[in-house]
Each structure stands twice: as structure tokens, then as C-alpha cells.
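Novice: entry-v6.tsv is the file, holding TSV, C-alpha atoms:
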chain	number	residue	atom	x	y	z
P	580	MET	CA	-30.24	9.98	6.43
P	581	LEU	CA	-26.62	8.86	6.94
P	582	ASP	CA	-26.70	7.68	3.30
P	583	ARG	CA	-27.42	11.21	2.11
P	584	VAL	CA	-24.99	12.85	4.52
P	585	PHE	CA	-22.04	10.64	3.60
P	586	GLY	CA	-23.05	10.80	-0.07
P	587	ALA	CA	-23.06	14.60	0.09
P	588	LEU	CA	-19.60	14.56	1.68
P	589	SER	CA	-18.14	12.34	-1.05
P	590	ASP	CA	-17.53	15.26	-3.42
P	591	PRO	CA	-14.69	17.81	-2.99
P	592	THR	CA	-16.75	20.77	-4.29
P	593	ARG	CA	-19.54	19.99	-1.82
P	594	ARG	CA	-17.05	19.70	1.05
P	595	ALA	CA	-15.56	23.07	0.06
P	596	LEU	CA	-19.05	24.63	-0.10
P	597	LEU	CA	-19.81	23.30	3.38
P	598	ALA	CA	-16.48	24.56	4.72
P	599	ARG	CA	-17.28	28.02	3.29
P	600	LEU	CA	-20.83	28.04	4.68
P	601	SER	CA	-19.71	26.86	8.11
P	602	GLN	CA	-18.08	30.29	8.42
P	603	SER	CA	-21.01	32.45	7.33
P	604	GLU	CA	-24.11	32.34	5.16
P	605	ALA	CA	-23.73	33.27	1.50
P	606	THR	CA	-25.70	33.69	-1.71
P	607	VAL	CA	-25.35	31.19	-4.56
P	608	GLY	CA	-23.42	33.83	-6.52
P	609	GLU	CA	-20.95	34.35	-3.67
P	610	LEU	CA	-20.55	30.61	-3.31
P	611	ALA	CA	-19.98	30.04	-7.04
P	612	GLU	CA	-17.29	32.75	-7.34
P	613	PRO	CA	-14.16	30.90	-6.13
P	614	PHE	CA	-15.05	27.73	-8.03
P	615	ASP	CA	-14.24	26.96	-11.63
P	616	VAL	CA	-17.72	25.51	-12.00
P	617	SER	CA	-20.91	26.90	-13.58
P	618	ARG	CA	-23.61	28.38	-11.38
P	619	PRO	CA	-26.12	25.63	-12.31
P	620	ALA	CA	-23.51	23.04	-11.27
P	621	ILE	CA	-23.10	24.80	-7.91
P	622	SER	CA	-26.89	24.86	-7.56
P	623	LYS	CA	-27.02	21.10	-8.08
P	624	HIS	CA	-24.38	20.58	-5.40
P	625	LEU	CA	-26.40	22.81	-3.08
P	626	ASP	CA	-29.49	20.67	-3.80
P	627	VAL	CA	-27.59	17.59	-2.66
P	628	LEU	CA	-26.44	19.36	0.51
P	629	GLU	CA	-29.99	20.60	1.14
P	630	ARG	CA	-31.50	17.12	0.75
P	631	ALA	CA	-28.95	15.88	3.29
P	632	GLY	CA	-30.15	18.60	5.70
P	633	MET	CA	-26.70	20.19	5.80
P	634	ILE	CA	-27.75	23.56	4.41
P	635	HIS	CA	-30.96	25.58	4.27
P	636	ARG	CA	-31.89	28.10	1.62
P	637	VAL	CA	-33.48	31.24	3.00
P	638	ARG	CA	-35.23	33.74	0.71
P	639	ASP	CA	-33.85	37.25	1.25
P	640	GLY	CA	-35.58	39.71	-1.09
P	641	ARG	CA	-34.56	38.66	-4.58
P	642	VAL	CA	-31.71	36.34	-3.57
P	643	ASN	CA	-31.46	33.01	-1.84
P	644	ARG	CA	-29.06	32.86	1.05
P	645	CYS	CA	-27.59	29.50	2.05
P	646	GLN	CA	-27.10	28.68	5.71
P	647	PHE	CA	-25.02	25.87	7.16
P	648	ASP	CA	-26.69	23.34	9.47
P	649	GLY	CA	-24.25	21.20	11.47
P	650	GLU	CA	-26.86	18.82	12.87
P	651	PRO	CA	-26.40	16.01	10.29
P	652	LEU	CA	-22.63	16.19	10.81
P	653	GLU	CA	-23.25	15.31	14.47
P	654	GLU	CA	-24.85	12.04	13.43
P	655	ALA	CA	-22.07	11.33	10.92
P	656	ALA	CA	-19.46	12.10	13.59
P	657	ARG	CA	-21.10	9.65	16.02
P	658	TRP	CA	-20.98	6.86	13.43
P	659	VAL	CA	-17.38	7.51	12.41
P	660	GLU	CA	-16.16	7.99	16.00
P	661	ARG	CA	-17.66	4.71	17.12
P	662	TYR	CA	-15.65	2.58	14.70
P	663	ARG	CA	-12.59	4.80	14.81
P	664	ARG	CA	-12.37	4.29	18.58
P	665	PHE	CA	-12.84	0.59	18.14
P	666	TRP	CA	-9.91	0.64	15.74
P	667	GLU	CA	-7.77	2.70	18.13
P	668	GLY	CA	-8.57	0.22	20.88
P	669	ARG	CA	-7.38	-2.63	18.68
P	670	LEU	CA	-4.14	-0.81	17.82
P	671	ASP	CA	-3.52	-0.14	21.53
P	672	ALA	CA	-4.12	-3.81	22.33
P	673	LEU	CA	-1.69	-4.80	19.57
P	674	ALA	CA	0.95	-2.39	20.88
P	675	GLN	CA	0.56	-3.77	24.41
P	676	PHE	CA	0.84	-7.32	23.07
P	677	LEU	CA	4.02	-6.50	21.13
P	678	GLU	CA	5.46	-4.74	24.17
P	679	ALA	CA	4.74	-7.73	26.40
P	680	GLU	CA	6.29	-10.04	23.79
P	681	GLY	CA	9.38	-7.82	23.71
P	682	GLU	CA	9.74	-8.05	27.48
P	683	ASP	CA	9.45	-11.82	27.37
P	684	GLY	CA	12.11	-12.20	24.64
I	98	MET	CA	-9.25	9.72	-0.82
I	99	LEU	CA	-11.98	11.39	1.28
I	100	ASP	CA	-14.23	11.12	-1.80
I	101	ARG	CA	-13.90	7.34	-1.76
I	102	VAL	CA	-14.17	7.04	2.01
I	103	PHE	CA	-17.36	9.11	2.30
I	104	GLY	CA	-18.73	7.47	-0.87
I	105	ALA	CA	-18.12	4.03	0.67
I	106	LEU	CA	-19.92	5.11	3.86
I	107	SER	CA	-23.01	6.33	1.94
I	108	ASP	CA	-24.51	2.83	1.72
I	109	PRO	CA	-26.15	1.01	4.68
I	110	THR	CA	-24.92	-2.45	3.62
I	111	ARG	CA	-21.35	-1.19	3.42
I	112	ARG	CA	-21.65	0.47	6.84
I	113	ALA	CA	-22.98	-2.80	8.26
I	114	LEU	CA	-20.11	-4.75	6.65
I	115	LEU	CA	-17.61	-2.33	8.17
I	116	ALA	CA	-19.28	-2.57	11.58
I	117	ARG	CA	-19.04	-6.37	11.37
I	118	LEU	CA	-15.40	-6.33	10.24
I	119	SER	CA	-14.41	-3.82	12.91
I	120	GLN	CA	-15.05	-6.65	15.39
I	121	SER	CA	-13.11	-9.42	13.66
I	122	GLU	CA	-11.96	-10.52	10.23
I	123	ALA	CA	-14.32	-12.69	8.20
I	124	THR	CA	-14.64	-14.52	4.89
I	125	VAL	CA	-16.94	-13.25	2.14
I	126	GLY	CA	-19.30	-16.14	2.89
I	127	GLU	CA	-19.49	-15.25	6.58
I	128	LEU	CA	-20.08	-11.62	5.69
I	129	ALA	CA	-22.84	-12.40	3.18
I	130	GLU	CA	-24.79	-14.67	5.56
I	131	PRO	CA	-26.79	-12.10	7.59
I	132	PHE	CA	-27.64	-10.02	4.53
I	133	ASP	CA	-30.53	-10.51	2.16
I	134	VAL	CA	-28.18	-9.79	-0.71
I	135	SER	CA	-26.41	-12.06	-3.21
I	136	ARG	CA	-22.78	-12.95	-2.73
I	137	PRO	CA	-21.70	-11.09	-5.90
I	138	ALA	CA	-23.48	-8.00	-4.56
I	139	ILE	CA	-21.57	-8.32	-1.27
I	140	SER	CA	-18.34	-8.73	-3.27
I	141	LYS	CA	-19.04	-5.49	-5.11
I	142	HIS	CA	-19.61	-3.68	-1.81
I	143	LEU	CA	-16.32	-5.12	-0.54
I	144	ASP	CA	-14.58	-3.83	-3.70
I	145	VAL	CA	-15.80	-0.32	-2.89
I	146	LEU	CA	-14.59	-0.62	0.71
I	147	GLU	CA	-11.24	-1.99	-0.49
I	148	ARG	CA	-10.72	0.87	-2.97
I	149	ALA	CA	-11.39	3.29	-0.09
I	150	GLY	CA	-8.64	1.51	1.91
I	151	MET	CA	-11.11	0.54	4.63
I	152	ILE	CA	-10.66	-3.21	4.26
I	153	HIS	CA	-7.96	-5.53	3.00
I	154	ARG	CA	-8.47	-8.95	1.48
I	155	VAL	CA	-5.97	-11.53	2.66
I	156	ARG	CA	-5.62	-14.89	0.89
I	157	ASP	CA	-5.94	-17.75	3.40
I	158	GLY	CA	-5.63	-21.07	1.59
I	159	ARG	CA	-8.71	-21.29	-0.64
I	160	VAL	CA	-10.64	-18.43	0.93
I	161	ASN	CA	-10.23	-14.66	1.09
I	162	ARG	CA	-10.43	-13.16	4.53
I	163	CYS	CA	-11.43	-9.52	4.87
I	164	GLN	CA	-9.74	-7.34	7.46
I	165	PHE	CA	-10.87	-3.95	8.71
I	166	ASP	CA	-8.51	-0.99	8.42
I	167	GLY	CA	-9.52	2.03	10.49
I	168	GLU	CA	-6.93	4.41	9.04
I	169	PRO	CA	-9.22	6.10	6.45
I	170	LEU	CA	-11.86	6.61	9.15
I	171	GLU	CA	-9.30	8.70	11.04
I	172	GLU	CA	-9.08	11.12	8.13
I	173	ALA	CA	-12.88	11.20	7.74
I	174	ALA	CA	-13.25	11.81	11.49
I	175	ARG	CA	-10.82	14.75	11.33
I	176	TRP	CA	-12.83	16.36	8.53
I	177	VAL	CA	-16.20	15.87	10.20
I	178	GLU	CA	-14.94	16.93	13.64
I	179	ARG	CA	-13.50	20.16	12.31
I	180	TYR	CA	-16.82	21.47	11.01
I	181	ARG	CA	-18.89	19.87	13.73
I	182	ARG	CA	-16.87	21.78	16.35
I	183	PHE	CA	-17.24	24.95	14.37
I	184	TRP	CA	-20.99	24.39	14.44
I	185	GLU	CA	-20.96	23.69	18.19
I	186	GLY	CA	-19.00	26.88	18.73
I	187	ARG	CA	-21.60	28.86	16.81
I	188	LEU	CA	-24.45	27.30	18.82
I	189	ASP	CA	-22.62	28.17	22.06
I	190	ALA	CA	-22.12	31.76	20.89
I	191	LEU	CA	-25.83	31.99	20.00
I	192	ALA	CA	-26.83	30.64	23.43
I	193	GLN	CA	-24.57	33.20	25.15
I	194	PHE	CA	-26.02	35.99	23.02
I	195	LEU	CA	-29.59	34.97	23.86
I	196	GLU	CA	-28.69	34.71	27.55
I	197	ALA	CA	-27.15	38.21	27.54
I	198	GLU	CA	-30.22	39.56	25.72
I	199	GLY	CA	-32.42	37.97	28.38
I	200	GLU	CA	-30.46	39.67	31.17
I	201	ASP	CA	-30.78	43.04	29.44
I	202	GLY	CA	-34.55	42.75	28.96
Represent the supplied structure as C-alpha cells.
Specialist:
Amino acid sequence: MLDRVFGALSDPTRRALLARLSQSEATVGELAEPFDVSRPAISKHLDVLERAGMIHRVRDGRVNRCQFDGEPLEEAARWVERYRRFWEGRLDALAQFLEAEGEDG
Amino acid sequence: MLDRVFGALSDPTRRALLARLSQSEATVGELAEPFDVSRPAISKHLDVLERAGMIHRVRDGRVNRCQFDGEPLEEAARWVERYRRFWEGRLDALAQFLEAEGEDG
């Protein structure tokens, strides 16, 4: 699942669609409006986001509304945070080492 | 840059390589060992990670050592955290709403 989530996030249009949907649900037409991209292209991006579990399409009369789902981002955040913290820890250790060296010199 | 970072993270072998390198630097041979993948395939994965700025190759005599760089993960973490928190906030608001409804009923 992380493959699909990170893959979905690797495109700027898809990140912008997610950012928009994180604020409120929207129809495909509303989503397509601010983008200089065709509606079928937006639909394809939405398919990718849907397969990654990051949005759901809900039928509302004659239109499909798209809803944001933050659950997969939780998993992605856990992965990224783990190695980011590891990195921070290493930078802190390096800083302490350099500081100790400075005091010795 | 986020495109390349998230794209690099969308593959399980690349995530495993990053996890390994976050602990200590390693040669391509050392990195390839635990994987059931050819060395050229590992090299290609390392190219993707390098283009995303997540690793650096350092010449050490006759071998290349790979070093982890956590900087791009910081940027990815900021993006993910932003929308993850938004999502958490919405879940909290929903829980409060349901609680208030329950008290009314």
C-alpha cells in the first residue's frame, strides 16, 4: 500500500488535488476548474488517488463527489518520520561531537 | 523535488535500501547482498535515490560508498504532516459533533 501512496504523491497535480480535497469534498468538475488539464486527465489522477485509498468517490444524484481520506497519509507519515528522526538524531550526535572537539582544541 | 522524493519512496526495495543506509554507509555490494535482485538492478535503484538527493555516492579507493541524506525526507515529512494534521483535526471535529449530538438526544 505504501507503494501506491508514495506513487500517488509523486505528482504535483495529484498533491494539489489532495490539498484541495483535504479542505472539503468536491465534484470532478469543481476539481478540474483551477487546473490547466483536461477533465479526463483529472479523472485519471483521481483514479490513482482512489487506488491508493486517499480519496473516495461518492455518488450524489447525477454527479460523483470526491472525499478525502487521510488514513493512508498516516501510514506514510509513520514511515517518513521514522527515518527522518533517525537522521535528526545523527545530526545532533554530529553537532555534539563537533562541539566536544571544539572544547578540546 | 517532492516528485522525485515521493517517486523514490514508491518502491519497496528503495525503501529498504534507505532504511539500511539510514543506519550506516555501505558499498553497493553490501547493499545488494540481502536482496534477491541483481547488482545492476540495485544500482538503478540507487540512481533513483541519488537523483532524489536521498543518498550520495562517495568514492573510496576502488569502491563507491553510499551515504544516506535525510534532508529530502524533511521536506516530504512537512508535506505529509500538513495534510495528516488537517485530517486529524477533521476527525476530532466529527467526534465532538457526534458527542454533542449524543448529549442532546
Novice: Return as a compact mmCIF listing (two decimals) with C-alpha atoms, keeping the file's coordinate frame the residues belonging to chain I that are within 12 Å of chain P, counting all atoms listed in the file.
Specialist:
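As written to disk, out.txt reads:
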# COMPACT_ATOMS: atom_id res chain seq x y z
CA MET I 98 -9.25 9.72 -0.82
CA LEU I 99 -11.98 11.39 1.28
CA ASP I 100 -14.23 11.12 -1.80
CA ARG I 101 -13.90 7.34 -1.76
CA VAL I 102 -14.17 7.04 2.01
CA PHE I 103 -17.36 9.11 2.30
CA GLY I 104 -18.73 7.47 -0.87
CA ALA I 105 -18.12 4.03 0.67
CA LEU I 106 -19.92 5.11 3.86
CA SER I 107 -23.01 6.33 1.94
CA ASP I 108 -24.51 2.83 1.72
CA PRO I 109 -26.15 1.01 4.68
CA THR I 110 -24.92 -2.45 3.62
CA ARG I 111 -21.35 -1.19 3.42
CA ARG I 112 -21.65 0.47 6.84
CA ALA I 113 -22.98 -2.80 8.26
CA LEU I 114 -20.11 -4.75 6.65
CA LEU I 115 -17.61 -2.33 8.17
CA ALA I 116 -19.28 -2.57 11.58
CA ARG I 117 -19.04 -6.37 11.37
CA LEU I 118 -15.40 -6.33 10.24
CA SER I 119 -14.41 -3.82 12.91
CA GLN I 120 -15.05 -6.65 15.39
CA SER I 121 -13.11 -9.42 13.66
CA ALA I 149 -11.39 3.29 -0.09
CA MET I 151 -11.11 0.54 4.63
CA GLN I 164 -9.74 -7.34 7.46
CA PHE I 165 -10.87 -3.95 8.71
CA ASP I 166 -8.51 -0.99 8.42
CA GLY I 167 -9.52 2.03 10.49
CA GLU I 168 -6.93 4.41 9.04
CA PRO I 169 -9.22 6.10 6.45
CA LEU I 170 -11.86 6.61 9.15
CA GLU I 171 -9.30 8.70 11.04
CA GLU I 172 -9.08 11.12 8.13
CA ALA I 173 -12.88 11.20 7.74
CA ALA I 174 -13.25 11.81 11.49
CA ARG I 175 -10.82 14.75 11.33
CA TRP I 176 -12.83 16.36 8.53
CA VAL I 177 -16.20 15.87 10.20
CA GLU I 178 -14.94 16.93 13.64
CA ARG I 179 -13.50 20.16 12.31
CA TYR I 180 -16.82 21.47 11.01
CA ARG I 181 -18.89 19.87 13.73
CA ARG I 182 -16.87 21.78 16.35
CA PHE I 183 -17.24 24.95 14.37
CA TRP I 184 -20.99 24.39 14.44
CA GLU I 185 -20.96 23.69 18.19
CA GLY I 186 -19.00 26.88 18.73
CA ARG I 187 -21.60 28.86 16.81
CA LEU I 188 -24.45 27.30 18.82
Novice: Once chain P has been least-squares superposed onto chain I, matching all their Cα atoms in order, can you return it as a PDB file with C-alpha atoms, keeping the file's coordinate frame?
Specialist:
ATOM      1  CA  MET P 580      -9.224   9.694  -0.871  1.00  0.00           C
ATOM      2  CA  LEU P 581     -11.924  11.396   1.234  1.00  0.00           C
ATOM      3  CA  ASP P 582     -14.190  11.117  -1.838  1.00  0.00           C
ATOM      4  CA  ARG P 583     -13.883   7.335  -1.793  1.00  0.00           C
ATOM      5  CA  VAL P 584     -14.155   7.048   1.981  1.00  0.00           C
ATOM      6  CA  PHE P 585     -17.319   9.130   2.264  1.00  0.00           C
ATOM      7  CA  GLY P 586     -18.697   7.485  -0.884  1.00  0.00           C
ATOM      8  CA  ALA P 587     -18.110   4.052   0.644  1.00  0.00           C
ATOM      9  CA  LEU P 588     -19.900   5.141   3.823  1.00  0.00           C
ATOM     10  CA  SER P 589     -22.971   6.361   1.928  1.00  0.00           C
ATOM     11  CA  ASP P 590     -24.501   2.879   1.701  1.00  0.00           C
ATOM     12  CA  PRO P 591     -26.166   1.075   4.656  1.00  0.00           C
ATOM     13  CA  THR P 592     -24.938  -2.402   3.609  1.00  0.00           C
ATOM     14  CA  ARG P 593     -21.352  -1.140   3.405  1.00  0.00           C
ATOM     15  CA  ARG P 594     -21.641   0.525   6.820  1.00  0.00           C
ATOM     16  CA  ALA P 595     -22.983  -2.741   8.267  1.00  0.00           C
ATOM     17  CA  LEU P 596     -20.120  -4.699   6.652  1.00  0.00           C
ATOM     18  CA  LEU P 597     -17.605  -2.285   8.171  1.00  0.00           C
ATOM     19  CA  ALA P 598     -19.277  -2.501  11.582  1.00  0.00           C
ATOM     20  CA  ARG P 599     -19.060  -6.318  11.382  1.00  0.00           C
ATOM     21  CA  LEU P 600     -15.418  -6.294  10.256  1.00  0.00           C
ATOM     22  CA  SER P 601     -14.401  -3.786  12.919  1.00  0.00           C
ATOM     23  CA  GLN P 602     -15.068  -6.604  15.394  1.00  0.00           C
ATOM     24  CA  SER P 603     -13.129  -9.385  13.678  1.00  0.00           C
ATOM     25  CA  GLU P 604     -11.989 -10.504  10.246  1.00  0.00           C
ATOM     26  CA  ALA P 605     -14.362 -12.667   8.222  1.00  0.00           C
ATOM     27  CA  THR P 606     -14.672 -14.509   4.925  1.00  0.00           C
ATOM     28  CA  VAL P 607     -16.972 -13.224   2.177  1.00  0.00           C
ATOM     29  CA  GLY P 608     -19.336 -16.120   2.925  1.00  0.00           C
ATOM     30  CA  GLU P 609     -19.518 -15.209   6.617  1.00  0.00           C
ATOM     31  CA  LEU P 610     -20.094 -11.586   5.713  1.00  0.00           C
ATOM     32  CA  ALA P 611     -22.850 -12.372   3.193  1.00  0.00           C
ATOM     33  CA  GLU P 612     -24.813 -14.615   5.599  1.00  0.00           C
ATOM     34  CA  PRO P 613     -26.800 -12.048   7.636  1.00  0.00           C
ATOM     35  CA  PHE P 614     -27.636  -9.960   4.571  1.00  0.00           C
ATOM     36  CA  ASP P 615     -30.529 -10.482   2.212  1.00  0.00           C
ATOM     37  CA  VAL P 616     -28.182  -9.752  -0.671  1.00  0.00           C
ATOM     38  CA  SER P 617     -26.428 -12.041  -3.177  1.00  0.00           C
ATOM     39  CA  ARG P 618     -22.788 -12.944  -2.675  1.00  0.00           C
ATOM     40  CA  PRO P 619     -21.709 -11.098  -5.862  1.00  0.00           C
ATOM     41  CA  ALA P 620     -23.480  -7.984  -4.533  1.00  0.00           C
ATOM     42  CA  ILE P 621     -21.569  -8.298  -1.246  1.00  0.00           C
ATOM     43  CA  SER P 622     -18.355  -8.728  -3.238  1.00  0.00           C
ATOM     44  CA  LYS P 623     -19.041  -5.484  -5.090  1.00  0.00           C
ATOM     45  CA  HIS P 624     -19.591  -3.659  -1.806  1.00  0.00           C
ATOM     46  CA  LEU P 625     -16.321  -5.115  -0.532  1.00  0.00           C
ATOM     47  CA  ASP P 626     -14.580  -3.829  -3.688  1.00  0.00           C
ATOM     48  CA  VAL P 627     -15.793  -0.322  -2.895  1.00  0.00           C
ATOM     49  CA  LEU P 628     -14.580  -0.617   0.703  1.00  0.00           C
ATOM     50  CA  GLU P 629     -11.237  -1.996  -0.507  1.00  0.00           C
ATOM     51  CA  ARG P 630     -10.719   0.855  -2.986  1.00  0.00           C
ATOM     52  CA  ALA P 631     -11.373   3.279  -0.124  1.00  0.00           C
ATOM     53  CA  GLY P 632      -8.636   1.515   1.887  1.00  0.00           C
ATOM     54  CA  MET P 633     -11.103   0.552   4.612  1.00  0.00           C
ATOM     55  CA  ILE P 634     -10.675  -3.201   4.258  1.00  0.00           C
ATOM     56  CA  HIS P 635      -7.963  -5.538   2.997  1.00  0.00           C
ATOM     57  CA  ARG P 636      -8.493  -8.962   1.503  1.00  0.00           C
ATOM     58  CA  VAL P 637      -6.011 -11.546   2.706  1.00  0.00           C
ATOM     59  CA  ARG P 638      -5.679 -14.927   0.970  1.00  0.00           C
ATOM     60  CA  ASP P 639      -6.001 -17.767   3.490  1.00  0.00           C
ATOM     61  CA  GLY P 640      -5.721 -21.128   1.715  1.00  0.00           C
ATOM     62  CA  ARG P 641      -8.750 -21.324  -0.545  1.00  0.00           C
ATOM     63  CA  VAL P 642     -10.694 -18.437   1.006  1.00  0.00           C
ATOM     64  CA  ASN P 643     -10.280 -14.701   1.139  1.00  0.00           C
ATOM     65  CA  ARG P 644     -10.468 -13.169   4.567  1.00  0.00           C
ATOM     66  CA  CYS P 645     -11.459  -9.514   4.899  1.00  0.00           C
ATOM     67  CA  GLN P 646      -9.761  -7.336   7.483  1.00  0.00           C
ATOM     68  CA  PHE P 647     -10.895  -3.938   8.704  1.00  0.00           C
ATOM     69  CA  ASP P 648      -8.513  -0.978   8.400  1.00  0.00           C
ATOM     70  CA  GLY P 649      -9.519   2.057  10.477  1.00  0.00           C
ATOM     71  CA  GLU P 650      -6.919   4.416   9.023  1.00  0.00           C
ATOM     72  CA  PRO P 651      -9.184   6.100   6.416  1.00  0.00           C
ATOM     73  CA  LEU P 652     -11.832   6.631   9.103  1.00  0.00           C
ATOM     74  CA  GLU P 653      -9.263   8.717  11.002  1.00  0.00           C
ATOM     75  CA  GLU P 654      -9.036  11.121   8.086  1.00  0.00           C
ATOM     76  CA  ALA P 655     -12.827  11.212   7.699  1.00  0.00           C
ATOM     77  CA  ALA P 656     -13.195  11.845  11.441  1.00  0.00           C
ATOM     78  CA  ARG P 657     -10.755  14.780  11.270  1.00  0.00           C
ATOM     79  CA  TRP P 658     -12.755  16.397   8.461  1.00  0.00           C
ATOM     80  CA  VAL P 659     -16.131  15.901  10.130  1.00  0.00           C
ATOM     81  CA  GLU P 660     -14.886  16.957  13.586  1.00  0.00           C
ATOM     82  CA  ARG P 661     -13.446  20.187  12.259  1.00  0.00           C
ATOM     83  CA  TYR P 662     -16.755  21.513  10.945  1.00  0.00           C
ATOM     84  CA  ARG P 663     -18.827  19.922  13.680  1.00  0.00           C
ATOM     85  CA  ARG P 664     -16.810  21.821  16.297  1.00  0.00           C
ATOM     86  CA  PHE P 665     -17.172  24.994  14.321  1.00  0.00           C
ATOM     87  CA  TRP P 666     -20.920  24.447  14.386  1.00  0.00           C
ATOM     88  CA  GLU P 667     -20.920  23.728  18.130  1.00  0.00           C
ATOM     89  CA  GLY P 668     -18.957  26.922  18.677  1.00  0.00           C
ATOM     90  CA  ARG P 669     -21.577  28.882  16.761  1.00  0.00           C
ATOM     91  CA  LEU P 670     -24.423  27.322  18.766  1.00  0.00           C
ATOM     92  CA  ASP P 671     -22.608  28.168  22.020  1.00  0.00           C
ATOM     93  CA  ALA P 672     -22.121  31.757  20.857  1.00  0.00           C
ATOM     94  CA  LEU P 673     -25.821  31.966  19.980  1.00  0.00           C
ATOM     95  CA  ALA P 674     -26.818  30.590  23.387  1.00  0.00           C
ATOM     96  CA  GLN P 675     -24.573  33.118  25.143  1.00  0.00           C
ATOM     97  CA  PHE P 676     -26.048  35.919  23.033  1.00  0.00           C
ATOM     98  CA  LEU P 677     -29.620  34.869  23.861  1.00  0.00           C
ATOM     99  CA  GLU P 678     -28.715  34.574  27.536  1.00  0.00           C
ATOM    100  CA  ALA P 679     -27.191  38.053  27.572  1.00  0.00           C
ATOM    101  CA  GLU P 680     -30.273  39.413  25.781  1.00  0.00           C
ATOM    102  CA  GLY P 681     -32.483  37.756  28.399  1.00  0.00           C
ATOM    103  CA  GLU P 682     -30.541  39.416  31.204  1.00  0.00           C
ATOM    104  CA  ASP P 683     -30.856  42.800  29.544  1.00  0.00           C
ATOM    105  CA  GLY P 684     -34.643  42.490  29.053  1.00  0.00           C
TER     106      GLY P 684
END
Novice: Kindly extract all protein, DNA and RNA residues lying within 10 Å of the coordinates (-17.0, -18.7, 2.8) given in the file, considering only C-alpha atoms, and supply them as a ChimeraX atom specification.
Specialist: /I:123-130,136,159-162
Novice: Between atom CA of Cys645 of chain P and atom CA of Val627 of chain P, what is the distance, to one decimal in Å?
Specialist: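 So the answer is 12.8 Å.
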Novice: What does the structure give for the distance between atom CA of Ile152 of chain I and atom CA of Pro137 of chain I, in Å to one decimal?
Specialist: 16.9 Å
Novice: What is the distance between atom CA of Glu147 of chain I and atom CA of Glu122 of chain I, in Å to one decimal?
Specialist: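 About the pair atom CA of Glu147 of chain I and atom CA of Glu122 of chain I: they are 13.7 Å apart.
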